[in-house]
>>> print(open('my_file_8.pdb').read())   # PDB, C-alpha atoms
ATOM      1  CA  ILE A 981      99.490 106.083 134.875
ATOM      2  CA  LYS A 982     102.032 108.643 133.664
ATOM      3  CA  PRO A 983     103.577 109.206 130.217
ATOM      4  CA  PHE A 984     107.164 108.113 129.688
ATOM      5  CA  SER A 985     109.836 110.547 130.816
ATOM      6  CA  LYS A 986     112.151 112.293 128.357
ATOM      7  CA  PHE A 987     114.933 109.900 129.346
ATOM      8  CA  GLN A 988     112.714 106.866 128.758
ATOM      9  CA  TYR A 989     111.763 108.202 125.328
ATOM     10  CA  PHE A 990     115.437 108.794 124.583
ATOM     11  CA  LEU A 991     116.232 105.161 125.415
ATOM     12  CA  LYS A 992     113.330 103.945 123.313
ATOM     13  CA  ARG A 993     114.380 106.136 120.391
ATOM     14  CA  VAL A 994     117.929 104.756 120.551
ATOM     15  CA  ILE A 995     116.513 101.220 120.490
ATOM     16  CA  ASP A 996     114.148 102.161 117.641
ATOM     17  CA  PHE A 997     116.942 103.393 115.373
ATOM     18  CA  SER A 998     119.369 100.641 116.438
ATOM     19  CA  ILE A 999     116.907  98.000 115.259
ATOM     20  CA  ALA A1000     114.874  99.753 112.537
ATOM     21  CA  ILE A1001     117.789 100.733 110.277
ATOM     22  CA  PRO A1002     119.502  97.300 110.252
ATOM     23  CA  LEU A1003     116.076  95.648 109.901
ATOM     24  CA  LEU A1004     115.304  97.783 106.856
ATOM     25  CA  VAL A1005     118.557  96.722 105.190
ATOM     26  CA  ILE A1006     118.307  93.044 106.102
ATOM     27  CA  SER A1007     114.624  92.717 105.197
ATOM     28  CA  ALA A1008     114.881  94.511 101.828
ATOM     29  CA  PRO A1009     115.018  91.212  99.830
ATOM     30  CA  VAL A1010     112.038  89.865 101.797
ATOM     31  CA  MET A1011     110.038  93.025 101.130
ATOM     32  CA  LEU A1012     110.835  92.930  97.406
ATOM     33  CA  TYR A1013     109.770  89.284  97.228
ATOM     34  CA  THR A1014     106.631  90.096  99.222
ATOM     35  CA  ALA A1015     105.694  92.837  96.765
ATOM     36  CA  TYR A1016     106.073  90.309  93.919
ATOM     37  CA  ARG A1017     103.886  87.688  95.683
ATOM     38  CA  ILE A1018     101.158  90.205  96.497
ATOM     39  CA  LYS A1019     100.881  91.335  92.874
ATOM     40  CA  LYS A1020     100.937  87.722  91.703
ATOM     41  CA  GLU A1021      98.241  86.431  94.071
ATOM     42  CA  SER A1022      96.067  89.538  94.302
ATOM     43  CA  PRO A1023      96.672  91.776  91.275
ATOM     44  CA  ASP A1024      93.433  93.688  91.857
ATOM     45  CA  GLY A1025      95.000  95.973  94.496
ATOM     46  CA  GLY A1026      98.193  97.752  95.445
ATOM     47  CA  VAL A1027     101.148  96.309  97.330
ATOM     48  CA  PHE A1028     100.637  98.441 100.410
ATOM     49  CA  PHE A1029      97.711  98.925 102.745
ATOM     50  CA  THR A1030      97.398 102.325 104.419
ATOM     51  CA  GLN A1031      95.039 103.266 107.203
ATOM     52  CA  THR A1032      94.513 106.207 109.530
ATOM     53  CA  ARG A1033      95.447 105.151 113.038
ATOM     54  CA  ILE A1034      95.717 106.880 116.389
ATOM     55  CA  GLY A1035      99.108 107.695 117.863
ATOM     56  CA  LYS A1036     100.449 109.475 120.924
ATOM     57  CA  ASN A1037      98.099 112.056 122.445
ATOM     58  CA  ALA A1038      95.336 110.759 120.125
ATOM     59  CA  LYS A1039      97.085 112.270 117.092
ATOM     60  CA  PRO A1040      96.150 110.457 113.836
ATOM     61  CA  PHE A1041      98.827 109.228 111.438
ATOM     62  CA  THR A1042      98.958 107.084 108.304
ATOM     63  CA  CYS A1043     100.059 103.528 109.049
ATOM     64  CA  ILE A1044     101.626 101.581 106.174
ATOM     65  CA  LYS A1045     101.644  97.785 105.925
ATOM     66  CA  PHE A1046     101.791  95.147 103.226
ATOM     67  CA  ARG A1047      98.320  94.307 101.956
ATOM     68  CA  THR A1048      97.180  90.834 103.036
ATOM     69  CA  MET A1049      93.553  90.908 101.905
ATOM     70  CA  ARG A1050      91.800  90.810  98.557
ATOM     71  CA  THR A1051      90.031  93.935  97.387
ATOM     72  CA  ASP A1052      87.621  92.189  95.007
ATOM     73  CA  ILE A1053      85.453  90.522  97.645
ATOM     74  CA  ASP A1054      82.325  92.049  99.185
ATOM     75  CA  TYR A1055      82.810  91.184 102.841
ATOM     76  CA  PHE A1056      83.503  93.449 105.824
ATOM     77  CA  ASN A1057      84.362  92.726 109.428
ATOM     78  CA  PRO A1058      86.645  94.976 111.489
ATOM     79  CA  TYR A1059      88.059  91.891 113.218
ATOM     80  CA  THR A1060      90.115  89.321 111.347
ATOM     81  CA  GLN A1061      88.641  85.841 111.709
ATOM     82  CA  GLU A1062      90.195  82.397 111.406
ATOM     83  CA  ASN A1063      90.093  81.281 107.748
ATOM     84  CA  ASP A1064      88.995  84.794 106.796
ATOM     85  CA  PRO A1065      87.889  84.658 103.121
ATOM     86  CA  ARG A1066      89.507  88.034 102.415
ATOM     87  CA  ILE A1067      93.053  86.830 103.095
ATOM     88  CA  PHE A1068      94.992  85.385 100.156
ATOM     89  CA  LYS A1069      97.598  82.627 100.592
ATOM     90  CA  TRP A1070     100.731  84.759 100.895
ATOM     91  CA  GLY A1071      98.744  87.200 103.015
ATOM     92  CA  ALA A1072      98.121  84.452 105.566
ATOM     93  CA  ILE A1073     101.840  83.647 105.673
ATOM     94  CA  MET A1074     102.665  87.326 106.149
ATOM     95  CA  ARG A1075     100.241  87.589 109.060
ATOM     96  CA  LYS A1076     101.605  84.502 110.806
ATOM     97  CA  THR A1077     105.207  85.649 110.462
ATOM     98  CA  ARG A1078     104.426  89.381 110.881
ATOM     99  CA  ILE A1079     106.050  90.175 107.524
ATOM    100  CA  ASP A1080     103.086  92.433 106.753
ATOM    101  CA  GLU A1081     104.277  94.753 109.538
ATOM    102  CA  LEU A1082     107.707  95.411 107.974
ATOM    103  CA  PRO A1083     106.767  98.637 106.115
ATOM    104  CA  GLN A1084     105.972 100.169 109.495
ATOM    105  CA  VAL A1085     109.717 100.559 109.866
ATOM    106  CA  PHE A1086     109.198 103.770 107.901
ATOM    107  CA  ASN A1087     106.632 104.880 110.499
ATOM    108  CA  ILE A1088     109.267 104.282 113.174
ATOM    109  CA  LEU A1089     111.873 106.350 111.358
ATOM    110  CA  LYS A1090     109.332 109.163 110.896
ATOM    111  CA  GLY A1091     108.577 109.095 114.611
ATOM    112  CA  ASP A1092     104.912 108.101 114.280
ATOM    113  CA  ILE A1093     105.440 104.967 116.350
ATOM    114  CA  SER A1094     108.078 103.075 118.325
ATOM    115  CA  LEU A1095     109.247  99.508 117.930
ATOM    116  CA  THR A1096     107.248  98.523 121.014
ATOM    117  CA  GLY A1097     104.140 100.007 122.582
ATOM    118  CA  PRO A1098     100.350  99.628 122.502
ATOM    119  CA  ARG A1099      99.123  98.631 119.055
ATOM    120  CA  ALA A1100      98.068 101.629 116.960
ATOM    121  CA  GLU A1101      94.352 101.118 116.304
ATOM    122  CA  TRP A1102      92.163 102.224 113.408
ATOM    123  CA  ASN A1103      90.714 105.652 114.183
ATOM    124  CA  LYS A1104      87.109 104.487 113.650
ATOM    125  CA  LEU A1105      87.503 101.570 116.070
ATOM    126  CA  THR A1106      89.279 103.821 118.571
ATOM    127  CA  GLN A1107      86.253 106.117 118.769
ATOM    128  CA  GLU A1108      84.057 103.113 119.473
ATOM    129  CA  TYR A1109      86.411 101.611 122.072
ATOM    130  CA  GLU A1110      86.782 104.880 123.971
ATOM    131  CA  LYS A1111      83.005 105.022 124.425
ATOM    132  CA  GLU A1112      82.613 101.413 125.556
ATOM    133  CA  ILE A1113      85.883 100.400 127.265
ATOM    134  CA  PRO A1114      86.907 102.270 130.451
ATOM    135  CA  TYR A1115      90.433 103.748 130.441
ATOM    136  CA  TYR A1116      90.994 102.860 126.786
ATOM    137  CA  ASN A1117      92.191 106.400 126.080
ATOM    138  CA  GLN A1118      95.062 105.857 128.541
ATOM    139  CA  ARG A1119      96.848 103.891 125.819
ATOM    140  CA  HIS A1120      97.405 107.138 123.952
ATOM    141  CA  ILE A1121      99.663 108.797 126.522
ATOM    142  CA  VAL A1122     102.620 107.004 124.886
ATOM    143  CA  LYS A1123     103.617 106.231 121.323
ATOM    144  CA  PRO A1124     102.113 103.069 119.844
ATOM    145  CA  GLY A1125     104.373 100.299 118.571
ATOM    146  CA  ILE A1126     104.697  97.706 115.830
ATOM    147  CA  THR A1127     104.750  95.110 118.570
ATOM    148  CA  GLY A1128     103.970  95.318 122.247
ATOM    149  CA  TRP A1129     103.445  93.522 125.531
ATOM    150  CA  ALA A1130      99.772  92.944 124.723
ATOM    151  CA  GLN A1131     100.555  91.445 121.315
ATOM    152  CA  VAL A1132     103.030  88.910 122.675
ATOM    153  CA  MET A1133     101.088  88.017 125.818
ATOM    154  CA  PHE A1134      97.610  87.777 124.283
ATOM    155  CA  ILE A1135      97.704  86.732 120.635
ATOM    156  CA  GLU A1136      93.960  86.792 120.008
ATOM    157  CA  GLY A1137      92.306  89.946 118.707
ATOM    158  CA  ARG A1138      88.933  89.043 117.241
ATOM    159  CA  SER A1139      86.431  90.817 119.478
ATOM    160  CA  LYS A1140      85.847  93.665 121.920
ATOM    161  CA  ASP A1141      86.386  91.250 124.794
ATOM    162  CA  ASP A1142      89.839  90.517 123.401
ATOM    163  CA  THR A1143      90.448  94.266 123.153
ATOM    164  CA  ARG A1144      89.546  94.677 126.837
ATOM    165  CA  GLN A1145      91.970  91.894 127.727
ATOM    166  CA  LYS A1146      94.763  93.441 125.686
ATOM    167  CA  LEU A1147      94.170  96.817 127.304
ATOM    168  CA  MET A1148      95.229  95.363 130.658
ATOM    169  CA  TYR A1149      98.560  94.315 129.171
ATOM    170  CA  ASP A1150      98.991  97.711 127.485
ATOM    171  CA  LEU A1151      98.418  99.575 130.748
ATOM    172  CA  TYR A1152     100.803  97.214 132.548
ATOM    173  CA  TYR A1153     103.466  97.973 129.919
ATOM    174  CA  ILE A1154     103.033 101.739 130.283
ATOM    175  CA  LYS A1155     103.024 101.667 134.086
ATOM    176  CA  ASN A1156     105.948  99.268 134.471
ATOM    177  CA  TRP A1157     108.132 100.204 131.503
ATOM    178  CA  SER A1158     111.820  99.462 131.902
ATOM    179  CA  LEU A1159     114.703  98.672 129.585
ATOM    180  CA  TRP A1160     114.361  95.030 130.590
ATOM    181  CA  LEU A1161     110.639  94.962 129.711
ATOM    182  CA  GLU A1162     111.468  96.536 126.320
ATOM    183  CA  ILE A1163     114.091  93.875 125.582
ATOM    184  CA  LYS A1164     111.807  91.107 126.848
ATOM    185  CA  THR A1165     109.007  92.285 124.548
ATOM    186  CA  ILE A1166     111.356  92.296 121.547
ATOM    187  CA  PHE A1167     112.565  88.758 122.226
ATOM    188  CA  LYS A1168     109.021  87.502 122.815
ATOM    189  CA  THR A1169     108.056  89.056 119.466
ATOM    190  CA  ILE A1170     110.828  87.095 117.743
ATOM    191  CA  TRP A1171     109.561  83.934 119.426
ATOM    192  CA  VAL A1172     106.008  84.613 118.232
ATOM    193  CA  MET A1173     107.277  85.175 114.673
ATOM    194  CA  ILE A1174     109.278  81.945 114.709
ATOM    195  CA  GLY A1175     106.290  80.057 116.138
ATOM    196  CA  GLY A1176     103.962  81.501 113.495
ATOM    197  CA  LYS A1177     101.416  82.625 116.086
ATOM    198  CA  GLY A1178     100.586  85.987 114.555
ATOM    199  CA  LEU A1179      97.180  86.878 113.150
TER     200      LEU A1179
END
>>> encode(input="my_file_8.pdb", output="structure tokens")
Amino acid sequence: IKPFSKFQYFLKRVIDFSIAIPLLVISAPVMLYTAYRIKKESPDGGVFFTQTRIGKNAKPFTCIKFRTMRTDIDYFNPYTQENDPRIFKWGAIMRKTRIDELPQVFNILKGDISLTGPRAEWNKLTQEYEKEIPYYNQRHIVKPGITGWAQVMFIEGRSKDDTRQKLMYDLYYIKNWSLWLEIKTIFKTIWVMIGGKGL
């Protein structure tokens, strides 16, 4: 598997800006309302959730999302479970509709990530996966994305077995990238959002 060429990255960057800037403008009212709901339902924490994640060439960056979980509950699991007690009501809606991902538009504009690509994973989990899952580090030869082929083709993500399954889709995406696959991934993401299949 080879990294994307300069021309492929140019095409992806054009798509990134063509969608990210209009999305930022259009979604501004939704993001303002989301900030209000988060503070109303879970006033114990901030509006945003930040986490160190791994980007292209294993370079760490700070990922920003809307916070969907309570901070006043003593419960930890790196995988989100169904009916997870940490998730407040509006947080669950954000996860199903992917609204919680909207602040990552700023990560796109900064160049940390692309619109599509392998999901940027938490640095601590990445270290674990690279030791236990063969070829996992191959995901890092390209920029990660807010959405990706793995996310739209395999919705689950609650265990290491799910991570292994998603890796196959990520490697397929990298190896077979084309403008058509990029567009197809974007439209499948919209379909997932409309169907409320996010987690």
>>> residues_around(input="my_file_8.pdb", residues="Val1027 in chain A", least_positions_apart="2", cutoff="12 Å", atoms="all atoms listed in the file", output="PyMOL selection string")
chain A and resi 1011-1025+1029-1030+1044-1051+1071+1080+1083
>>> atom_distance(input="my_file_8.pdb", atom1="CA of Leu1095 in chain A", atom2="CA of Trp1129 in chain A")
11.3 Å
>>> resolve_selection(input="my_file_8.pdb", expression="the PyMOL selection byres ((chain A and resi 1082) around 10)", output="PyMOL selection string")
chain A and resi 1000+1003-1004+1007-1008+1010-1011+1044-1046+1074+1078-1081+1083-1087+1126
>>> resolve_selection(input="my_file_8.pdb", expression="the PyMOL selection byres ((chain A and resi 1122) around 7)", output="ChimeraX atom specification")
/A:983-984,1036,1119-1121,1123-1124
>>> atom_distance(input="my_file_8.pdb", atom1="CA of Ile999 in chain A", atom2="CA of Ile1163 in chain A")
11.5 Å
>>> atom_distance(input="my_file_8.pdb", atom1="CA of Ile1006 in chain A", atom2="CA of Ala1100 in chain A")
24.5 Å
>>> resolve_selection(input="my_file_8.pdb", expression="the PyMOL selection byres ((chain A and resi 1094) around 8)", output="list in words")
Lys992, Arg993, Asp996, Ile1088, Gly1091, Asp1092, Ile1093, Leu1095, Thr1096, Gly1097, Lys1123, Pro1124, Gly1125 and Ile1126 of chain A
>>> closest_residue(input="my_file_8.pdb", among="A:Phe1041, A:Tyr1115, A:Gly1128, A:Leu1159", to="Lys1090 in chain A", atoms="all atoms listed in the file")
A:Phe1041
>>> closest_residue(input="my_file_8.pdb", among="A:Leu1089, A:Ile1034, A:Gln1145, A:Pro1098", to="Ile1113 in chain A", atoms="all atoms listed in the file")
A:Gln1145
>>> closest_residue(input="my_file_8.pdb", among="A:Ile1174, A:Ala1038, A:Ile1135, A:Cys1043", to="Glu1110 in chain A", atoms="only C-alpha atoms")
A:Ala1038
>>> closest_residue(input="my_file_8.pdb", among="A:Asp1052, A:Lys982, A:Arg1033, A:Thr1169", to="Pro1065 in chain A", atoms="only C-alpha atoms")
A:Asp1052
>>> closest_residue(input="my_file_8.pdb", among="A:Asn1103, A:Gly1175, A:Arg1075, A:Gln1118", to="Lys1155 in chain A", atoms="only C-alpha atoms")
A:Gln1118
>>> axis_aligned_box(input="my_file_8.pdb", around="range 1021-1032 of chain A", padding_each_side="4 Å", output="AutoDock Vina command-line options")
--center_x 97.3 --center_y 96.3 --center_z 100.4 --size_x 15.7 --size_y 27.8 --size_z 26.3
>>> residues_around(input="my_file_8.pdb", residues="Glu1112 in chain A", least_positions_apart="3", cutoff="12 Å", atoms="all atoms listed in the file", output="list in words")
Leu1105, Thr1106, Gln1107, Glu1108, Tyr1109, Tyr1115, Tyr1116, Asn1117, Lys1140, Asp1141, Thr1143 and Arg1144 of chain A
>>> residues_near_point(input="my_file_8.pdb", point="(106.8, 89.8, 119.2)", cutoff="7 Å", atoms="only C-alpha atoms", output="PyMOL selection string")
chain A and resi 1127-1128+1131-1132+1165-1173
>>> closest_residue(input="my_file_8.pdb", among="A:Ser1158, A:Asn1037, A:Lys1164, A:Val1005", to="Leu991 in chain A", atoms="all atoms listed in the file")
A:Ser1158
>>> build_atoms(input="my_file_8.pdb", residues="range 999-1031 of chain A", atoms="N, CA and C atoms", output="PDB file, in the coordinates of the input")
ATOM      1  N   ILE A 999     117.517  99.192 115.843  1.00  0.00           N
ATOM      2  CA  ILE A 999     116.907  98.000 115.259  1.00  0.00           C
ATOM      3  C   ILE A 999     116.267  98.291 113.902  1.00  0.00           C
ATOM      4  N   ALA A1000     115.611  99.446 113.765  1.00  0.00           N
ATOM      5  CA  ALA A1000     114.874  99.753 112.537  1.00  0.00           C
ATOM      6  C   ALA A1000     115.784  99.866 111.312  1.00  0.00           C
ATOM      7  N   ILE A1001     116.904 100.544 111.439  1.00  0.00           N
ATOM      8  CA  ILE A1001     117.789 100.733 110.277  1.00  0.00           C
ATOM      9  C   ILE A1001     118.392  99.416 109.805  1.00  0.00           C
ATOM     10  N   PRO A1002     119.003  98.614 110.701  1.00  0.00           N
ATOM     11  CA  PRO A1002     119.502  97.300 110.252  1.00  0.00           C
ATOM     12  C   PRO A1002     118.390  96.402 109.716  1.00  0.00           C
ATOM     13  N   LEU A1003     117.207  96.471 110.349  1.00  0.00           N
ATOM     14  CA  LEU A1003     116.076  95.648 109.901  1.00  0.00           C
ATOM     15  C   LEU A1003     115.660  96.032 108.492  1.00  0.00           C
ATOM     16  N   LEU A1004     115.673  97.313 108.192  1.00  0.00           N
ATOM     17  CA  LEU A1004     115.304  97.783 106.856  1.00  0.00           C
ATOM     18  C   LEU A1004     116.255  97.235 105.808  1.00  0.00           C
ATOM     19  N   VAL A1005     117.542  97.221 106.129  1.00  0.00           N
ATOM     20  CA  VAL A1005     118.557  96.722 105.190  1.00  0.00           C
ATOM     21  C   VAL A1005     118.441  95.203 105.020  1.00  0.00           C
ATOM     22  N   ILE A1006     118.348  94.510 106.135  1.00  0.00           N
ATOM     23  CA  ILE A1006     118.307  93.044 106.102  1.00  0.00           C
ATOM     24  C   ILE A1006     117.032  92.524 105.443  1.00  0.00           C
ATOM     25  N   SER A1007     115.917  93.210 105.690  1.00  0.00           N
ATOM     26  CA  SER A1007     114.624  92.717 105.197  1.00  0.00           C
ATOM     27  C   SER A1007     114.304  93.181 103.782  1.00  0.00           C
ATOM     28  N   ALA A1008     115.163  93.988 103.173  1.00  0.00           N
ATOM     29  CA  ALA A1008     114.881  94.511 101.828  1.00  0.00           C
ATOM     30  C   ALA A1008     114.563  93.397 100.825  1.00  0.00           C
ATOM     31  N   PRO A1009     115.360  92.298 100.768  1.00  0.00           N
ATOM     32  CA  PRO A1009     115.018  91.212  99.830  1.00  0.00           C
ATOM     33  C   PRO A1009     113.655  90.580 100.121  1.00  0.00           C
ATOM     34  N   VAL A1010     113.330  90.437 101.409  1.00  0.00           N
ATOM     35  CA  VAL A1010     112.038  89.865 101.797  1.00  0.00           C
ATOM     36  C   VAL A1010     110.903  90.785 101.351  1.00  0.00           C
ATOM     37  N   MET A1011     111.086  92.076 101.516  1.00  0.00           N
ATOM     38  CA  MET A1011     110.038  93.025 101.130  1.00  0.00           C
ATOM     39  C   MET A1011     109.848  93.065  99.616  1.00  0.00           C
ATOM     40  N   LEU A1012     110.947  92.956  98.864  1.00  0.00           N
ATOM     41  CA  LEU A1012     110.835  92.930  97.406  1.00  0.00           C
ATOM     42  C   LEU A1012     110.100  91.672  96.947  1.00  0.00           C
ATOM     43  N   TYR A1013     110.440  90.542  97.571  1.00  0.00           N
ATOM     44  CA  TYR A1013     109.770  89.284  97.228  1.00  0.00           C
ATOM     45  C   TYR A1013     108.291  89.340  97.618  1.00  0.00           C
ATOM     46  N   THR A1014     108.010  89.949  98.758  1.00  0.00           N
ATOM     47  CA  THR A1014     106.631  90.096  99.222  1.00  0.00           C
ATOM     48  C   THR A1014     105.810  90.922  98.233  1.00  0.00           C
ATOM     49  N   ALA A1015     106.393  92.001  97.749  1.00  0.00           N
ATOM     50  CA  ALA A1015     105.694  92.837  96.765  1.00  0.00           C
ATOM     51  C   ALA A1015     105.356  92.023  95.517  1.00  0.00           C
ATOM     52  N   TYR A1016     106.293  91.178  95.087  1.00  0.00           N
ATOM     53  CA  TYR A1016     106.073  90.309  93.919  1.00  0.00           C
ATOM     54  C   TYR A1016     104.930  89.332  94.175  1.00  0.00           C
ATOM     55  N   ARG A1017     104.924  88.682  95.370  1.00  0.00           N
ATOM     56  CA  ARG A1017     103.886  87.688  95.683  1.00  0.00           C
ATOM     57  C   ARG A1017     102.506  88.327  95.800  1.00  0.00           C
ATOM     58  N   ILE A1018     102.443  89.520  96.362  1.00  0.00           N
ATOM     59  CA  ILE A1018     101.158  90.205  96.497  1.00  0.00           C
ATOM     60  C   ILE A1018     100.553  90.487  95.121  1.00  0.00           C
ATOM     61  N   LYS A1019     101.378  91.018  94.212  1.00  0.00           N
ATOM     62  CA  LYS A1019     100.881  91.335  92.874  1.00  0.00           C
ATOM     63  C   LYS A1019     100.530  90.074  92.092  1.00  0.00           C
ATOM     64  N   LYS A1020     101.212  88.983  92.383  1.00  0.00           N
ATOM     65  CA  LYS A1020     100.937  87.722  91.703  1.00  0.00           C
ATOM     66  C   LYS A1020      99.629  87.099  92.187  1.00  0.00           C
ATOM     67  N   GLU A1021      99.408  87.098  93.507  1.00  0.00           N
ATOM     68  CA  GLU A1021      98.241  86.431  94.071  1.00  0.00           C
ATOM     69  C   GLU A1021      96.999  87.313  94.137  1.00  0.00           C
ATOM     70  N   SER A1022      97.209  88.626  94.193  1.00  0.00           N
ATOM     71  CA  SER A1022      96.067  89.538  94.302  1.00  0.00           C
ATOM     72  C   SER A1022      96.340  90.795  93.484  1.00  0.00           C
ATOM     73  N   PRO A1023      96.327  90.652  92.154  1.00  0.00           N
ATOM     74  CA  PRO A1023      96.672  91.776  91.275  1.00  0.00           C
ATOM     75  C   PRO A1023      95.641  92.906  91.238  1.00  0.00           C
ATOM     76  N   ASP A1024      94.505  92.692  91.897  1.00  0.00           N
ATOM     77  CA  ASP A1024      93.433  93.688  91.857  1.00  0.00           C
ATOM     78  C   ASP A1024      93.702  94.912  92.735  1.00  0.00           C
ATOM     79  N   GLY A1025      94.721  94.856  93.590  1.00  0.00           N
ATOM     80  CA  GLY A1025      95.000  95.973  94.496  1.00  0.00           C
ATOM     81  C   GLY A1025      96.467  96.327  94.524  1.00  0.00           C
ATOM     82  N   GLY A1026      96.811  97.323  95.316  1.00  0.00           N
ATOM     83  CA  GLY A1026      98.193  97.752  95.445  1.00  0.00           C
ATOM     84  C   GLY A1026      98.987  96.852  96.386  1.00  0.00           C
ATOM     85  N   VAL A1027     100.268  97.092  96.465  1.00  0.00           N
ATOM     86  CA  VAL A1027     101.148  96.309  97.330  1.00  0.00           C
ATOM     87  C   VAL A1027     100.945  96.684  98.794  1.00  0.00           C
ATOM     88  N   PHE A1028     100.735  97.972  99.033  1.00  0.00           N
ATOM     89  CA  PHE A1028     100.637  98.441 100.410  1.00  0.00           C
ATOM     90  C   PHE A1028      99.190  98.699 100.834  1.00  0.00           C
ATOM     91  N   PHE A1029      98.992  98.604 102.124  1.00  0.00           N
ATOM     92  CA  PHE A1029      97.711  98.925 102.745  1.00  0.00           C
ATOM     93  C   PHE A1029      97.960 100.092 103.696  1.00  0.00           C
ATOM     94  N   THR A1030      97.241 101.182 103.517  1.00  0.00           N
ATOM     95  CA  THR A1030      97.398 102.325 104.419  1.00  0.00           C
ATOM     96  C   THR A1030      96.091 102.573 105.151  1.00  0.00           C
ATOM     97  N   GLN A1031      96.229 103.044 106.368  1.00  0.00           N
ATOM     98  CA  GLN A1031      95.039 103.266 107.203  1.00  0.00           C
ATOM     99  C   GLN A1031      95.346 104.353 108.229  1.00  0.00           C
TER     100      GLN A1031
END
